[in-house]
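Q: What follows is input14.cif, made up of mmCIF, C-alpha atoms:
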```
data_start
#
loop_
_atom_site.label_atom_id
_atom_site.label_comp_id
_atom_site.auth_asym_id
_atom_site.auth_seq_id
_atom_site.Cartn_x
_atom_site.Cartn_y
_atom_site.Cartn_z
CA MET A 7 0.00 0.00 0.00
CA ARG A 8 1.12 3.49 -0.76
CA SER A 9 1.09 5.91 2.10
CA GLY A 10 1.53 9.64 1.99
CA HIS A 11 2.84 11.61 -0.95
CA PRO A 12 5.87 10.53 -2.91
CA ARG A 13 8.82 12.61 -1.77
CA LEU A 14 9.51 14.05 -5.23
CA LEU A 15 5.91 15.22 -5.54
CA LEU A 16 6.09 16.88 -2.15
CA SER A 17 9.28 18.75 -2.99
CA LEU A 18 7.91 19.72 -6.39
CA SER A 19 4.79 21.13 -4.73
CA ILE A 20 6.92 23.25 -2.43
CA ALA A 21 9.07 24.33 -5.35
CA ALA A 22 5.96 25.36 -7.30
CA SER A 23 4.68 27.53 -4.45
CA LEU A 24 8.07 29.18 -4.03
CA LEU A 25 8.34 29.75 -7.76
CA LEU A 26 4.90 31.35 -7.87
CA CYS A 27 5.84 33.69 -5.03
CA LEU A 28 9.03 34.58 -6.86
CA ALA A 29 7.06 35.12 -10.07
CA LEU A 30 4.63 37.43 -8.26
CA TRP A 31 7.52 39.40 -6.86
CA ALA A 32 9.14 39.65 -10.29
CA VAL A 33 5.91 40.80 -11.92
CA PHE A 34 5.28 43.58 -9.43
CA ARG A 35 8.78 44.57 -8.31
CA TYR A 36 11.31 43.47 -10.89
CA ALA A 37 9.65 44.06 -14.24
CA PRO A 38 9.50 47.73 -15.25
CA LEU A 39 6.24 49.55 -15.84
CA GLU A 40 5.15 49.43 -19.48
CA LEU A 41 5.14 52.84 -21.15
CA ASN A 42 1.68 52.97 -22.78
CA MET A 43 -0.48 50.55 -20.88
CA GLY A 44 0.96 51.07 -17.43
CA ALA A 45 0.26 48.67 -14.60
CA VAL A 46 -2.45 46.72 -16.43
CA GLN A 47 0.21 45.28 -18.73
CA LYS A 48 1.36 43.19 -15.78
CA VAL A 49 -1.63 40.93 -16.41
CA PHE A 50 0.23 39.74 -19.47
CA TYR A 51 2.74 37.61 -17.55
CA PHE A 52 0.18 35.42 -15.85
CA HIS A 53 -2.29 35.60 -18.74
CA VAL A 54 0.08 34.03 -21.23
CA SER A 55 1.45 31.58 -18.68
CA ALA A 56 -2.03 30.39 -17.72
CA ASN A 57 -2.99 29.88 -21.33
CA TRP A 58 0.27 28.08 -21.93
CA ALA A 59 -0.45 25.70 -19.07
CA GLY A 60 -4.00 25.26 -20.36
CA MET A 61 -2.75 24.26 -23.79
CA LEU A 62 -0.29 21.88 -22.15
CA GLY A 63 -3.23 20.22 -20.41
CA PHE A 64 -5.16 19.69 -23.63
CA LEU A 65 -2.04 18.49 -25.38
CA VAL A 66 -1.38 15.95 -22.64
CA ALA A 67 -5.01 14.83 -22.95
CA LEU A 68 -4.65 14.39 -26.71
CA VAL A 69 -1.49 12.30 -26.40
CA VAL A 70 -2.81 10.03 -23.66
CA SER A 71 -6.14 9.68 -25.49
CA VAL A 72 -4.33 8.29 -28.49
CA ILE A 73 -2.34 6.00 -26.21
CA TYR A 74 -5.56 4.90 -24.53
CA LEU A 75 -7.14 3.91 -27.83
CA ARG A 76 -4.01 1.89 -28.59
CA THR A 77 -3.64 0.18 -25.22
CA ALA A 78 -7.12 0.28 -23.62
CA ASP A 79 -5.42 0.72 -20.26
CA LEU A 80 -7.65 2.78 -17.95
CA LYS A 81 -4.78 4.67 -16.37
CA TRP A 82 -4.36 6.63 -19.58
CA ASP A 83 -7.99 7.64 -19.37
CA ILE A 84 -7.42 8.95 -15.87
CA ALA A 85 -4.51 10.95 -17.26
CA ALA A 86 -6.73 12.37 -20.01
CA VAL A 87 -9.31 13.54 -17.48
CA ALA A 88 -6.54 15.09 -15.37
CA GLY A 89 -5.15 16.92 -18.41
CA ILE A 90 -8.50 18.25 -19.53
CA GLU A 91 -9.57 19.35 -16.05
CA LEU A 92 -6.36 21.29 -15.63
CA GLY A 93 -6.61 22.62 -19.15
CA MET A 94 -10.07 23.98 -18.44
CA VAL A 95 -9.07 25.59 -15.17
CA PHE A 96 -5.96 27.25 -16.59
CA THR A 97 -7.79 28.36 -19.71
CA ALA A 98 -10.53 29.89 -17.58
CA MET A 99 -7.81 31.77 -15.70
CA GLY A 100 -6.44 32.91 -19.03
CA ILE A 101 -9.85 34.14 -20.16
CA VAL A 102 -10.59 36.01 -16.95
CA SER A 103 -7.16 37.62 -16.78
CA GLY A 104 -7.46 38.54 -20.44
CA MET A 105 -10.78 40.23 -19.77
CA ILE A 106 -9.28 42.23 -16.93
CA TRP A 107 -6.62 43.41 -19.33
CA ALA A 108 -9.04 44.02 -22.19
CA ARG A 109 -11.42 46.26 -20.27
CA PRO A 110 -9.00 49.20 -19.85
CA THR A 111 -7.07 48.48 -23.04
CA TRP A 112 -9.78 47.69 -25.58
CA ASN A 113 -12.52 49.37 -23.58
CA THR A 114 -14.57 46.17 -23.62
CA TRP A 115 -14.57 42.93 -21.66
CA TRP A 116 -15.00 40.81 -24.72
CA THR A 117 -14.69 40.99 -28.49
CA TRP A 118 -15.27 38.35 -31.13
CA ASP A 119 -11.65 38.23 -32.07
CA PRO A 120 -10.33 34.88 -33.41
CA ARG A 121 -8.27 34.07 -30.34
CA LEU A 122 -10.99 34.97 -27.88
CA THR A 123 -13.66 33.13 -29.80
CA THR A 124 -11.48 30.08 -30.24
CA ILE A 125 -10.59 29.87 -26.59
CA ALA A 126 -14.28 30.14 -25.68
CA VAL A 127 -15.02 27.30 -28.08
CA VAL A 128 -12.21 25.28 -26.49
CA GLU A 129 -13.95 25.58 -23.13
CA MET A 130 -17.22 24.49 -24.74
CA VAL A 131 -15.66 21.49 -26.44
CA TYR A 132 -14.18 20.23 -23.20
CA ALA A 133 -17.32 21.02 -21.23
CA ALA A 134 -19.10 18.77 -23.73
CA TYR A 135 -16.39 16.19 -23.04
CA PHE A 136 -17.40 16.05 -19.40
CA MET A 137 -21.09 15.91 -20.25
CA LEU A 138 -20.38 12.97 -22.53
CA ARG A 139 -18.49 11.16 -19.79
CA GLN A 140 -21.15 11.86 -17.21
CA GLY A 141 -23.83 10.08 -19.17
CA ILE A 142 -21.98 6.80 -19.60
CA GLU A 143 -21.75 4.38 -16.74
CA GLU A 144 -19.61 1.63 -18.15
CA CYS A 145 -16.07 2.82 -17.50
CA GLU A 146 -14.41 1.14 -20.45
CA ARG A 147 -16.85 2.72 -22.90
CA ARG A 148 -16.69 6.05 -21.11
CA ALA A 149 -12.93 6.04 -21.52
CA ARG A 150 -13.12 5.08 -25.18
CA PHE A 151 -15.70 7.73 -26.08
CA GLY A 152 -13.83 10.31 -24.04
CA ALA A 153 -10.64 9.55 -25.92
CA VAL A 154 -12.38 9.78 -29.29
CA TYR A 155 -14.04 13.07 -28.41
CA SER A 156 -10.90 14.65 -27.06
CA ILE A 157 -9.07 13.75 -30.26
CA VAL A 158 -11.85 15.10 -32.49
CA GLY A 159 -12.11 18.22 -30.35
CA PHE A 160 -8.40 18.84 -30.44
CA ILE A 161 -8.38 18.58 -34.23
CA SER A 162 -11.35 20.89 -34.58
CA VAL A 163 -10.03 23.70 -32.40
CA PRO A 164 -7.20 24.91 -34.67
CA LEU A 165 -9.65 24.78 -37.58
CA THR A 166 -11.99 27.07 -35.68
CA PHE A 167 -9.14 29.47 -35.12
CA PHE A 168 -8.23 29.32 -38.78
CA SER A 169 -11.83 29.90 -39.85
CA ILE A 170 -12.23 32.99 -37.76
CA ARG A 171 -8.75 34.23 -38.57
CA PHE A 172 -10.00 35.41 -41.94
CA ALA A 173 -11.55 38.25 -40.06
CA ARG A 174 -9.14 40.87 -38.86
CA THR A 175 -7.70 40.34 -35.43
CA ILE A 176 -7.08 42.96 -32.76
CA HIS A 177 -5.37 40.63 -30.32
CA PRO A 178 -1.75 41.69 -29.86
CA VAL A 179 0.90 39.28 -30.97
CA VAL A 180 3.71 40.03 -28.57
CA ILE A 181 5.98 37.13 -29.29
CA GLY A 182 7.47 36.64 -32.70
CA SER A 183 5.98 39.66 -34.42
CA GLY A 184 7.98 42.33 -36.11
CA ASP A 185 5.34 45.02 -36.24
CA SER A 186 5.07 47.65 -33.53
CA SER A 187 1.45 48.74 -33.84
CA ASN A 188 -0.79 49.69 -30.97
CA GLN A 189 -0.74 47.57 -27.78
CA VAL A 190 2.30 45.68 -28.89
CA PHE A 191 5.27 46.43 -26.75
CA ASN A 192 8.86 45.41 -27.02
CA MET A 193 9.94 43.58 -23.95
CA THR A 194 12.93 44.91 -22.10
CA PRO A 195 15.33 42.25 -20.79
CA ALA A 196 13.79 42.52 -17.32
CA MET A 197 10.33 42.00 -18.76
CA LEU A 198 11.49 39.03 -20.78
CA GLN A 199 13.13 37.48 -17.72
CA THR A 200 9.96 37.98 -15.71
CA PHE A 201 7.89 36.49 -18.49
CA LEU A 202 10.09 33.42 -18.79
CA LEU A 203 10.08 33.01 -15.02
CA CYS A 204 6.26 33.09 -15.02
CA LEU A 205 6.11 30.57 -17.83
CA PHE A 206 8.45 28.30 -15.94
CA ALA A 207 6.56 28.71 -12.66
CA PHE A 208 3.26 27.87 -14.33
CA SER A 209 4.78 24.87 -16.07
CA VAL A 210 6.04 23.51 -12.78
CA LEU A 211 2.68 24.24 -11.18
CA PHE A 212 1.00 22.41 -14.04
CA VAL A 213 3.19 19.34 -13.62
CA VAL A 214 2.57 19.31 -9.87
CA LEU A 215 -1.19 19.62 -10.24
CA LEU A 216 -1.26 17.02 -12.99
CA TRP A 217 0.64 14.61 -10.81
CA HIS A 218 -1.67 15.24 -7.84
CA ARG A 219 -4.75 14.78 -10.00
CA LEU A 220 -3.34 11.64 -11.57
CA ARG A 221 -2.54 10.21 -8.16
CA LEU A 222 -6.02 11.07 -6.95
CA GLY A 223 -7.56 9.39 -9.98
CA LEU A 224 -5.52 6.24 -9.54
CA LEU A 225 -6.36 6.07 -5.84
CA ALA A 226 -10.04 6.57 -6.59
CA GLN A 227 -9.79 3.75 -9.07
CA GLU A 228 -8.18 1.52 -6.46
CA VAL A 229 -10.93 2.30 -3.96
CA GLU A 230 -13.57 1.54 -6.53
CA ASP A 231 -11.95 -1.75 -7.48
CA ALA A 232 -11.70 -2.69 -3.81
CA ALA A 233 -15.36 -1.82 -3.25
CA ASN A 234 -16.39 -3.87 -6.25
CA ALA A 235 -14.31 -6.78 -5.01
CA CYS A 236 -16.12 -6.62 -1.68
CA TRP A 237 -19.51 -6.72 -3.31
CA GLU A 238 -18.68 -9.72 -5.42
CA MET B 29 -17.64 -5.31 -51.63
CA PHE B 30 -17.22 -2.07 -49.69
CA LEU B 31 -19.48 -0.16 -52.03
CA ARG B 32 -22.05 -2.95 -52.02
CA THR B 33 -22.26 -2.79 -48.24
CA VAL B 34 -22.54 0.99 -48.30
CA TRP B 35 -25.28 0.76 -50.88
CA ALA B 36 -27.13 -1.93 -48.94
CA ILE B 37 -27.19 0.21 -45.81
CA LEU B 38 -28.16 3.33 -47.65
CA TRP B 39 -30.91 1.49 -49.53
CA LYS B 40 -32.22 -0.10 -46.34
CA ASP B 41 -32.43 3.30 -44.64
CA LEU B 42 -34.16 4.89 -47.60
CA VAL B 43 -36.71 2.09 -47.90
CA THR B 44 -37.42 2.18 -44.16
CA GLU B 45 -37.83 5.91 -44.37
CA TRP B 46 -40.07 5.64 -47.41
CA ARG B 47 -42.33 3.25 -45.55
CA ASN B 48 -42.76 5.16 -42.34
CA ARG B 49 -41.71 8.70 -43.30
CA GLN B 50 -40.97 9.66 -39.73
CA THR B 51 -37.51 11.17 -39.75
CA PHE B 52 -37.89 13.17 -42.90
CA SER B 53 -41.28 14.62 -42.03
CA ALA B 54 -40.06 15.57 -38.56
CA MET B 55 -36.97 17.25 -40.00
CA LEU B 56 -38.98 19.06 -42.63
CA VAL B 57 -41.71 20.36 -40.36
CA PHE B 58 -39.13 21.38 -37.81
CA ALA B 59 -37.11 23.27 -40.42
CA LEU B 60 -40.16 25.12 -41.70
CA VAL B 61 -41.28 26.05 -38.21
CA VAL B 62 -37.82 27.38 -37.40
CA ILE B 63 -37.84 29.53 -40.51
CA PHE B 64 -41.25 30.90 -39.53
CA LEU B 65 -39.93 31.63 -36.07
CA PHE B 66 -36.94 33.48 -37.44
CA ASN B 67 -39.31 35.63 -39.41
CA PHE B 68 -40.74 37.01 -36.21
CA ALA B 69 -37.53 36.99 -34.23
CA LEU B 70 -35.48 38.86 -36.82
CA GLU B 71 -38.16 40.80 -38.71
CA LEU B 72 -36.85 39.41 -41.96
CA ASN B 73 -37.68 42.24 -44.28
CA ARG B 74 -36.16 42.68 -47.69
CA GLY B 75 -33.35 44.93 -46.57
CA ALA B 76 -32.04 42.77 -43.79
CA GLN B 77 -32.44 39.53 -45.69
CA ALA B 78 -29.32 39.23 -47.80
CA VAL B 79 -27.06 39.30 -44.78
CA VAL B 80 -29.26 37.28 -42.47
CA THR B 81 -30.48 34.63 -44.92
CA SER B 82 -27.39 32.44 -44.84
CA GLY B 83 -27.32 32.53 -41.06
CA VAL B 84 -31.00 31.63 -40.78
CA ILE B 85 -30.74 28.83 -43.31
CA TRP B 86 -27.67 27.25 -41.77
CA VAL B 87 -28.91 27.45 -38.21
CA THR B 88 -32.06 25.76 -39.45
CA PHE B 89 -30.14 23.04 -41.27
CA ALA B 90 -27.81 22.52 -38.34
CA PHE B 91 -30.68 21.97 -35.92
CA CYS B 92 -32.77 19.83 -38.18
CA GLY B 93 -29.69 17.79 -39.05
CA THR B 94 -29.30 16.76 -35.42
CA LEU B 95 -32.87 15.43 -35.46
CA GLY B 96 -31.95 13.11 -38.29
CA PHE B 97 -28.60 12.03 -36.82
CA ASN B 98 -30.24 11.17 -33.53
CA ARG B 99 -32.68 8.85 -35.23
CA SER B 100 -30.32 7.22 -37.64
CA LEU B 101 -28.32 5.01 -35.30
CA SER B 102 -30.67 4.84 -32.32
CA ALA B 103 -33.42 3.48 -34.56
CA GLU B 104 -31.10 0.51 -35.15
CA GLN B 105 -31.00 -0.30 -31.47
CA ASP B 106 -34.61 -1.39 -31.58
CA ARG B 107 -34.83 -5.19 -31.45
CA GLY B 108 -31.08 -5.63 -31.70
CA CYS B 109 -30.81 -4.41 -35.25
CA LEU B 110 -27.53 -2.69 -34.50
CA ASP B 111 -26.05 -5.87 -33.08
CA GLY B 112 -27.10 -7.64 -36.25
CA LEU B 113 -25.35 -5.00 -38.34
CA LEU B 114 -22.21 -5.26 -36.26
CA LEU B 115 -22.22 -9.05 -36.40
CA ALA B 116 -22.35 -8.98 -40.17
CA PRO B 117 -18.96 -9.83 -41.63
CA VAL B 118 -18.47 -6.45 -43.28
CA ASN B 119 -16.13 -3.57 -42.91
CA ARG B 120 -17.33 -1.30 -40.09
CA ALA B 121 -16.27 1.72 -42.11
CA ALA B 122 -18.82 0.70 -44.74
CA ILE B 123 -21.56 0.80 -42.11
CA TYR B 124 -20.44 4.28 -41.16
CA VAL B 125 -20.31 5.51 -44.74
CA GLY B 126 -23.74 4.08 -45.46
CA LYS B 127 -25.24 5.71 -42.40
CA ALA B 128 -23.55 9.04 -43.09
CA LEU B 129 -24.79 8.96 -46.68
CA SER B 130 -28.35 8.26 -45.65
CA ASN B 131 -28.16 11.15 -43.19
CA LEU B 132 -26.80 13.33 -45.97
CA VAL B 133 -29.67 12.30 -48.23
CA PHE B 134 -32.22 13.22 -45.56
CA MET B 135 -30.60 16.61 -45.05
CA LEU B 136 -30.48 17.26 -48.79
CA ALA B 137 -34.10 16.21 -49.11
CA THR B 138 -35.02 18.72 -46.45
CA ALA B 139 -33.05 21.37 -48.31
CA VAL B 140 -34.86 20.52 -51.53
CA VAL B 141 -38.11 21.59 -49.88
CA VAL B 142 -36.86 24.30 -47.55
CA LEU B 143 -34.89 26.34 -50.08
CA PRO B 144 -37.76 26.83 -52.56
CA VAL B 145 -40.15 27.60 -49.72
CA TYR B 146 -37.71 30.13 -48.34
CA SER B 147 -37.27 31.70 -51.78
CA LEU B 148 -41.01 31.92 -52.13
CA LEU B 149 -41.77 33.32 -48.69
CA TYR B 150 -39.03 35.91 -48.69
CA ASN B 151 -39.12 36.72 -52.35
CA THR B 152 -35.47 35.99 -52.92
CA ASN B 153 -33.63 33.73 -55.28
CA LEU B 154 -31.65 30.97 -53.64
CA PHE B 155 -31.07 29.03 -56.83
CA ILE B 156 -27.52 30.05 -57.43
CA PRO B 157 -25.58 26.98 -58.58
CA ALA B 158 -22.54 27.91 -56.51
CA PHE B 159 -24.72 28.27 -53.41
CA LEU B 160 -26.20 24.83 -53.97
CA LEU B 161 -22.66 23.50 -54.15
CA VAL B 162 -21.92 25.15 -50.80
CA VAL B 163 -25.05 23.53 -49.37
CA LEU B 164 -23.88 20.14 -50.58
CA LEU B 165 -20.33 20.56 -49.25
CA GLY B 166 -21.51 21.93 -45.93
CA MET B 167 -24.01 19.16 -45.36
CA LEU B 168 -21.46 16.54 -46.35
CA GLY B 169 -18.99 17.49 -43.63
CA TYR B 170 -21.76 18.09 -41.12
CA ALA B 171 -23.38 14.72 -41.73
CA ALA B 172 -19.99 12.99 -41.53
CA LEU B 173 -19.29 14.47 -38.12
CA GLY B 174 -22.85 14.18 -36.85
CA THR B 175 -23.21 10.53 -37.73
CA MET B 176 -20.01 9.65 -35.90
CA LEU B 177 -20.90 11.66 -32.80
CA SER B 178 -24.45 10.31 -32.72
CA GLY B 179 -22.87 6.89 -32.27
CA MET B 180 -21.54 8.16 -28.96
CA SER B 181 -24.51 10.22 -27.82
CA MET B 182 -26.96 7.36 -28.29
CA ARG B 183 -25.03 5.27 -25.75
CA SER B 184 -25.19 8.01 -23.19
CA ARG B 185 -27.89 8.44 -20.59
CA MET B 186 -28.70 11.85 -22.05
CA ARG B 187 -29.16 10.46 -25.56
CA ASP B 188 -30.74 13.01 -27.89
CA LEU B 189 -29.94 15.89 -25.59
CA LEU B 190 -26.25 15.29 -25.86
CA LEU B 191 -25.73 15.34 -29.62
CA PRO B 192 -26.02 19.10 -30.20
CA VAL B 193 -23.73 19.72 -27.22
CA LEU B 194 -21.12 17.42 -28.72
CA LEU B 195 -21.62 18.40 -32.33
CA PHE B 196 -21.89 22.18 -32.44
CA PRO B 197 -18.58 23.20 -30.88
CA VAL B 198 -16.70 20.67 -32.98
CA ALA B 199 -18.54 21.50 -36.20
CA LEU B 200 -18.04 25.22 -35.68
CA PRO B 201 -15.20 25.75 -38.19
CA LEU B 202 -17.29 24.06 -40.86
CA LEU B 203 -20.34 26.14 -40.02
CA VAL B 204 -18.35 29.37 -40.05
CA ALA B 205 -16.94 28.61 -43.48
CA VAL B 206 -20.32 27.56 -44.83
CA VAL B 207 -22.13 30.65 -43.51
CA LYS B 208 -19.44 32.98 -44.85
CA ALA B 209 -19.42 31.33 -48.27
CA SER B 210 -23.22 31.37 -48.45
CA SER B 211 -23.64 34.97 -47.39
CA GLY B 212 -21.05 36.06 -49.93
CA LEU B 213 -22.82 34.23 -52.73
CA LEU B 214 -26.29 35.37 -51.67
CA GLU B 215 -25.13 38.95 -51.67
CA GLY B 216 -24.41 38.46 -55.32
CA GLN B 217 -20.66 38.09 -55.19
CA PRO B 218 -19.12 35.86 -57.86
CA LEU B 219 -17.72 32.47 -57.00
CA SER B 220 -14.17 33.78 -57.19
CA ALA B 221 -14.84 36.18 -54.32
CA VAL B 222 -15.68 33.37 -51.90
CA ARG B 223 -13.22 30.97 -53.41
CA HIS B 224 -11.06 30.81 -50.28
CA TRP B 225 -14.08 29.80 -48.19
CA MET B 226 -14.93 27.09 -50.70
CA ASP B 227 -11.39 25.76 -50.58
CA LEU B 228 -11.52 25.78 -46.81
CA LEU B 229 -14.83 23.95 -46.93
CA VAL B 230 -13.39 21.20 -49.07
CA VAL B 231 -10.41 20.87 -46.73
CA TYR B 232 -12.70 20.64 -43.69
CA ASP B 233 -14.85 18.04 -45.41
CA ILE B 234 -11.80 15.93 -46.09
CA ILE B 235 -10.53 16.32 -42.52
CA PHE B 236 -13.85 15.55 -40.87
CA VAL B 237 -14.67 12.60 -43.10
CA THR B 238 -11.21 11.12 -42.57
CA VAL B 239 -11.24 11.61 -38.80
CA SER B 240 -14.74 10.20 -38.49
CA LEU B 241 -13.82 7.19 -40.59
CA LEU B 242 -10.76 6.57 -38.45
CA VAL B 243 -12.51 6.75 -35.10
CA PHE B 244 -15.86 5.21 -35.97
CA ASP B 245 -14.52 1.74 -35.22
CA GLU B 246 -13.84 2.84 -31.66
CA VAL B 247 -17.27 4.41 -31.35
CA ILE B 248 -19.29 1.46 -32.50
CA GLU B 249 -17.15 -1.40 -31.21
CA ASP B 250 -18.67 -3.63 -28.57
#
```
Starting from the file, give its structure as C-alpha cells.

A:
Amino acid sequence: MRSGHPRLLLSLSIAASLLLCLALWAVFRYAPLELNMGAVQKVFYFHVSANWAGMLGFLVALVVSVIYLRTADLKWDIAAVAGIELGMVFTAMGIVSGMIWARPTWNTWWTWDPRLTTIAVVEMVYAAYFMLRQGIEECERRARFGAVYSIVGFISVPLTFFSIRFARTIHPVVIGSGDSSNQVFNMTPAMLQTFLLCLFAFSVLFVVLLWHRLRLGLLAQEVEDAANACWE
Amino acid sequence: MFLRTVWAILWKDLVTEWRNRQTFSAMLVFALVVIFLFNFALELNRGAQAVVTSGVIWVTFAFCGTLGFNRSLSAEQDRGCLDGLLLAPVNRAAIYVGKALSNLVFMLATAVVVLPVYSLLYNTNLFIPAFLLVVLLGMLGYAALGTMLSGMSMRSRMRDLLLPVLLFPVALPLLVAVVKASSGLLEGQPLSAVRHWMDLLVVYDIIFVTVSLLVFDEVIED
C-alpha cells in the first residue's frame, strides 16, 4: 500500500509555491512599468502563462487519449481527465485575466476576435467532453468515447481558429511579431526574464497539479476496485 | 464489396424511411417552423435579408440535421438491429459511410423543400448553382461528423440531448466557413470572391470525413 505523498511530488509542490511567489515578486517589483499601458500590462505575464499551461493540459489529454485507444489501459484515461480538467481551469484563468486586461485596453470585456472566440469554443468542447463522460456508466466505454471526443475536439479547435482568422484580429501578438502597432510592446530584458520566469513557474505548477490529480484518480480507481471486489 | 455494403445500408435506410416517413417529415416540419420563427424573431424584411439569410438557413439546417442524426443510429437499437449489423462480416467503415450517406440524403431532401419555400416566402432567389454547391459541401462534412458523434450520444444516458452539445462546438469551423461562403454568394458576389471559403470547406470536409472514418470503429465497437 502506498502511504503519503511521494517525496519528489512533495518537494515539487513546495518548489511550485516558491516559484509562484518569486514570479509574483518579479511581476510587481522586478519588471518595469510598461510605457503605454501602465500597470495593467502586468496581467500579461500570468495571462500568457495560464494559457500556456492550459494548452499543455489539452495536449497531454490528446497524447494520452491516443495511447488509450491503442492500449485500452484505464490509467491513460485517468490521465486524459486530469489533463482536460487542468486545461479547463488554466484556460478559464487565461480568459478572466485577459478580460481584466481588455477592459481598460480595448474598452470592452469581450470581443469576437479569433483568439478569444477560439478559446471560448475550447472551453465548450471540453465542457461537452465532461457531459459525454457523465452520461456513460460503463467505465471502459466512457474512456473510449472520451478519448475519441478529445481527439476530435483537439483537431477541430485549430480549424476554428483558422476559420475565424479570416476576419481581422485585434489581439496583440507580442511574441514573434515584427510590427510595432498599438498595444504591442517590445519587452525589455527585465520583462522578458519575468515572463520566462512566469512561464516556468506555471509549467512547474502544471506538472505538480497534474501529478496530484493523476494520483487522486488512480487512488479513486483503487478504492472503486476494492469496493467492487467486496460486493462480489 | 465495400461499395455494395454501403449501398445496402443506404438502400435499407431509404426504404425504411419511405415506408414510415418519420424522420424526414419531422426534420422538414421542424425546419419550416424554425424559418417561420426566425421571421418574427429577426423581422426578416427585404433589406435585412441578404445578410441574415445564410445565417437563418444554416442554423435551421444545423438543428434539423441533429434530429436526423439522432434517429439514424438509435433506430437501429430497436430489437437488436444494430447488433445484427455489427455481427455482419463487413467492414465497419462501410456501415459508417452508409449511415452518413443516408443522413446526408435526408438533409439534402429537407433542403430541396426548404430552399424553394424560403425563396417563395421571402421573395429571394436561392437558386444560385454555386450556393447549392456550398449547401452540398456543408451538409457533407456536417453529416460525416454528426453521424459519428451520434454513435456516442446514443449510448449516453442523455441520448438526444447530448448530440447538439457534442456536435456544435466541434462543427463550428465548418459552419463558419459555410455561412461565410453562403452569405457572400447570396449577396451576389461571384464564385471567385468566396473561393477561399470554398477551398476551406473542401479541406474541412476531407478532414472531418477522414477523422470520423478513423474513429468510428472505436465508437461502434462492442

Q: Spell out the residues picked by the PyMOL selection byres ((chain B) within 9 of (chain A)) here, as JSON, numbers by chain.

A: {"B": [177, 180, 181, 183, 184, 185, 186, 187, 190, 193, 194, 195, 196, 197, 198, 199, 200, 201, 202, 204, 205, 225, 228, 232, 235, 236, 239, 240, 243, 244, 246, 247, 250]}

Q: List as a ChimeraX atom specification the protein and nucleic acid residues near Ala88 in chain A, meaning an atom at most 12 Å away when all atoms listed in the file are counted, but skip any in the same chain fewer than 5 places from it.

A: /A:60,62-68,70-71,81-83,93-95,136,212-224

Q: Please, what is the axis-aligned box for every listed atom of range 205-221 of chain B with 5 Å on each side, as centre and edge lengths in Å to one decimal, as AutoDock Vina command-line options?

A:
```
--center_x -20.2 --center_y 33.3 --center_z -50.7 --size_x 22.1 --size_y 21.4 --size_z 24.4
```

Q: Taking all atoms listed in the file into account, which of B:Gly169, B:Leu164, B:Leu213, B:Asp188 comes nearest Leu95 in chain B?

A: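 Residue with the minimum atom-to-atom distance to Leu95 in chain B: B:Asp188.
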
Q: Which polymer residues have any atom within 10 Å of an atom of Ala90 in chain B, counting all atoms listed in the file, with same-chain residues fewer than 6 positions away left out, as a ChimeraX atom specification?

A: /B:59,84,135,166-167,170-171,174,192,195-196,199,203

Q: Counting all atoms listed in the file, which residues sit no farther than 8 Å from the position (-24.9, -3.1, -41.6) in the file's frame? I'd like them as a PDB file with C-alpha atoms, in the coordinates of the input.

A:
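Contents of out.pdb, freshly written:
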```pdb
ATOM      1  CA  THR B  33     -22.260  -2.790 -48.240  1.00  0.00           C
ATOM      2  CA  ALA B  36     -27.130  -1.930 -48.940  1.00  0.00           C
ATOM      3  CA  ILE B  37     -27.190   0.210 -45.810  1.00  0.00           C
ATOM      4  CA  LEU B 110     -27.530  -2.690 -34.500  1.00  0.00           C
ATOM      5  CA  GLY B 112     -27.100  -7.640 -36.250  1.00  0.00           C
ATOM      6  CA  LEU B 113     -25.350  -5.000 -38.340  1.00  0.00           C
ATOM      7  CA  LEU B 114     -22.210  -5.260 -36.260  1.00  0.00           C
ATOM      8  CA  ALA B 116     -22.350  -8.980 -40.170  1.00  0.00           C
ATOM      9  CA  VAL B 118     -18.470  -6.450 -43.280  1.00  0.00           C
ATOM     10  CA  ARG B 120     -17.330  -1.300 -40.090  1.00  0.00           C
ATOM     11  CA  ALA B 122     -18.820   0.700 -44.740  1.00  0.00           C
ATOM     12  CA  ILE B 123     -21.560   0.800 -42.110  1.00  0.00           C
TER      13      ILE B 123
END
```

Q: Env of Glu71 in chain B: 12 Å cut, atoms = all atoms listed in the file, seq-sep filter 5 positions within chain, self excluded. Answer as number ranges by chain.

A: B: 63-66, 76-77, 80-81, 84, 150

Q: For the file shown, report as a list of chain:residue names the outcome of the PyMOL selection byres ((chain A and resi 46) around 9) at residue level.

A: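 Checked against the file, the PyMOL selection byres ((chain A and resi 46) around 9) matches A:Glu40, A:Met43, A:Gly44, A:Ala45, A:Gln47, A:Lys48, A:Val49, A:Phe50, A:Ile106, A:Trp107, A:Pro110, A:Thr111.
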
Q: Please determine, counting only C-alpha atoms, which residue among A:Phe96, A:Phe34, A:Phe206, A:Trp115 has the shortest atom-to-atom distance to His53 in chain A.

A: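 Of A:Phe96, A:Phe34, A:Phe206, A:Trp115, the one nearest His53 in chain A is A:Phe96, counting only C-alpha atoms.
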